[in-house]
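Only one structure is covered here, and it is reproduced in the block below.
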Amino acid sequence: MAFKASDLFRTIGQSDTLLDQAWIDRRWGTFVPLWLGASVVMTLLPAFLVCVLMLIPGLLYNAFAAVVHAKTLTISLADLWYLAAGLGVIMGLFTVIFTIPVMLFRHVCGDLQPRPSPSDARP
């Protein structure tokens, strides 16, 4: 089965919807694993993004520069790793720390109220 980037972004949107629904329905047994899983994914996401947005274009440029005899870029894998690890820790911790306060704030503001089902509508 091939990886598709669109599946990754669709999964992120679905997890947000699942988190909202679990909060509204007070299904804490569903909410807590989704919350912690989202935190882990947000920790790993920067490694993927740094690779896609910095390493691969840099390697492609170096290949092109080698062909046309231009100056190549110095790509430090250690520096890219420290960037990805630092961003990952920040994003993961922010997700763990701020998910509950944001959900409480949305609940207080009325954004996360139970939606009436179509069968509840009066004729």
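Just remember, in the structure tokens the first chain shown is A, the second B, etc., residues are 1-based per chain, and ligands are 1-based in the order shown.
By chain and then residue number, the residues within 9 Å of Thr99 (chain A) are Trp35, Phe94 and Leu104 of chain A, counting only C-alpha atoms and disregarding those fewer than 5 positions away in sequence.
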Given the selection you just returned, output its residues as a file containing N, CA and C atoms, formatted as a short mmCIF file (atom, residue, chain, number, x, y, z; two decimals), in the first residue's frame.
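Writing the result to out_32.cif gives the following:
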```cif
data_model
loop_
_atom_site.label_atom_id
_atom_site.label_comp_id
_atom_site.auth_asym_id
_atom_site.auth_seq_id
_atom_site.Cartn_x
_atom_site.Cartn_y
_atom_site.Cartn_z
N TRP A 35 -6.05 12.15 22.24
CA TRP A 35 -5.28 13.32 22.65
C TRP A 35 -3.79 12.97 22.73
N PHE A 94 3.28 21.40 23.37
CA PHE A 94 2.16 22.33 23.23
C PHE A 94 0.85 21.57 23.04
N LEU A 104 -11.68 23.32 26.85
CA LEU A 104 -12.50 23.97 27.87
C LEU A 104 -12.95 25.36 27.41
#
```
Residues near Gly37 (chain A), anyone? I mean within 12 Å using only C-alpha atoms, not counting same-chain ones fewer than 5 positions away, as a PyMOL selection string. chain A and resi 11-12+15-16+18-19+30-32+42-44+92+95-96
Quick one: everything within 12 Å of Ile56 (chain A), counting only C-alpha atoms, minus sequence neighbours fewer than 6 positions away in the same chain. Send it as a list in words.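 Close residues of Ile56 (chain A): Phe48, Leu49, Val50, Asn62, Ala63, Ile75, Leu77 and Leu80 of chain A.
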Generate a file of the selected residues that holds C-alpha atoms, formatted as a compact mmCIF listing (two decimals), in the first residue's frame.
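Saved as selection_33.txt:
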```
# COMPACT_ATOMS: atom_id res chain seq x y z
CA PHE A 48 8.86 14.47 8.21
CA LEU A 49 8.50 18.15 7.32
CA VAL A 50 12.20 18.95 7.74
CA ASN A 62 23.27 19.60 -5.01
CA ALA A 63 22.68 17.02 -7.74
CA ILE A 75 23.80 20.07 4.28
CA LEU A 77 22.22 16.15 8.91
CA LEU A 80 18.56 19.24 10.48
```
Picked from chain A by DSSP as alpha helix (DSSP H), as number ranges by chain: A: 5-24, 28-50, 56-68, 77-109
Using only C-alpha atoms, which residues sit within 12 Å of Ser76 (chain A) once same-chain residues fewer than 3 positions away are excluded, as a list in words?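 Once the adjacent positions are removed, what remains is Cys51, Met54, Leu55, Gly58, Leu59, Leu73, Asp79, Leu80, Trp81, Tyr82 and Leu83 of chain A.
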Just the selected residues (N, CA and C atoms), exported as a short mmCIF file (atom, residue, chain, number, x, y, z; two decimals), in the first residue's frame, please.
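Contents of part.cif, freshly written:
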```cif
data_model
loop_
_atom_site.label_atom_id
_atom_site.label_comp_id
_atom_site.auth_asym_id
_atom_site.auth_seq_id
_atom_site.Cartn_x
_atom_site.Cartn_y
_atom_site.Cartn_z
N CYS A 51 12.53 16.87 6.56
CA CYS A 51 13.05 16.03 5.47
C CYS A 51 12.47 16.47 4.13
N MET A 54 13.38 20.53 3.51
CA MET A 54 14.77 21.02 3.53
C MET A 54 15.77 20.02 2.97
N LEU A 55 15.72 18.78 3.41
CA LEU A 55 16.73 17.82 3.00
C LEU A 55 16.59 17.42 1.54
N GLY A 58 17.38 20.23 -0.88
CA GLY A 58 18.82 20.50 -0.83
C GLY A 58 19.62 19.46 -1.58
N LEU A 59 19.24 18.20 -1.43
CA LEU A 59 19.93 17.13 -2.17
C LEU A 59 19.69 17.25 -3.67
N LEU A 73 25.43 23.20 -1.84
CA LEU A 73 25.07 23.55 -0.46
C LEU A 73 25.72 22.57 0.50
N ASP A 79 22.47 19.21 12.05
CA ASP A 79 21.72 20.45 12.24
C ASP A 79 20.25 20.25 11.90
N LEU A 80 19.96 19.52 10.83
CA LEU A 80 18.56 19.24 10.48
C LEU A 80 17.89 18.40 11.56
N TRP A 81 18.63 17.44 12.14
CA TRP A 81 18.07 16.62 13.20
C TRP A 81 17.74 17.48 14.42
N TYR A 82 18.66 18.39 14.80
CA TYR A 82 18.41 19.24 15.96
C TYR A 82 17.21 20.16 15.72
N LEU A 83 17.08 20.64 14.50
CA LEU A 83 15.92 21.46 14.15
C LEU A 83 14.63 20.64 14.28
#
```
Take CA of Ala22 (chain A) and CA of Met103 (chain A) and report the distance between them in Å, one decimal. 11.0 Å
Tell me which protein, DNA and RNA residues are within 10 Å of region 109-112 of chain A, counting only C-alpha atoms, leaving out same-chain ones fewer than 6 positions away, and put them as a PyMOL selection string. chain A and resi 20-21+23-25+103
Grab the CA of Val41 (chain A) to CA of Gly88 (chain A) distance for me, in Å with one decimal place.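 Distance between the two atoms: 9.1 Å.
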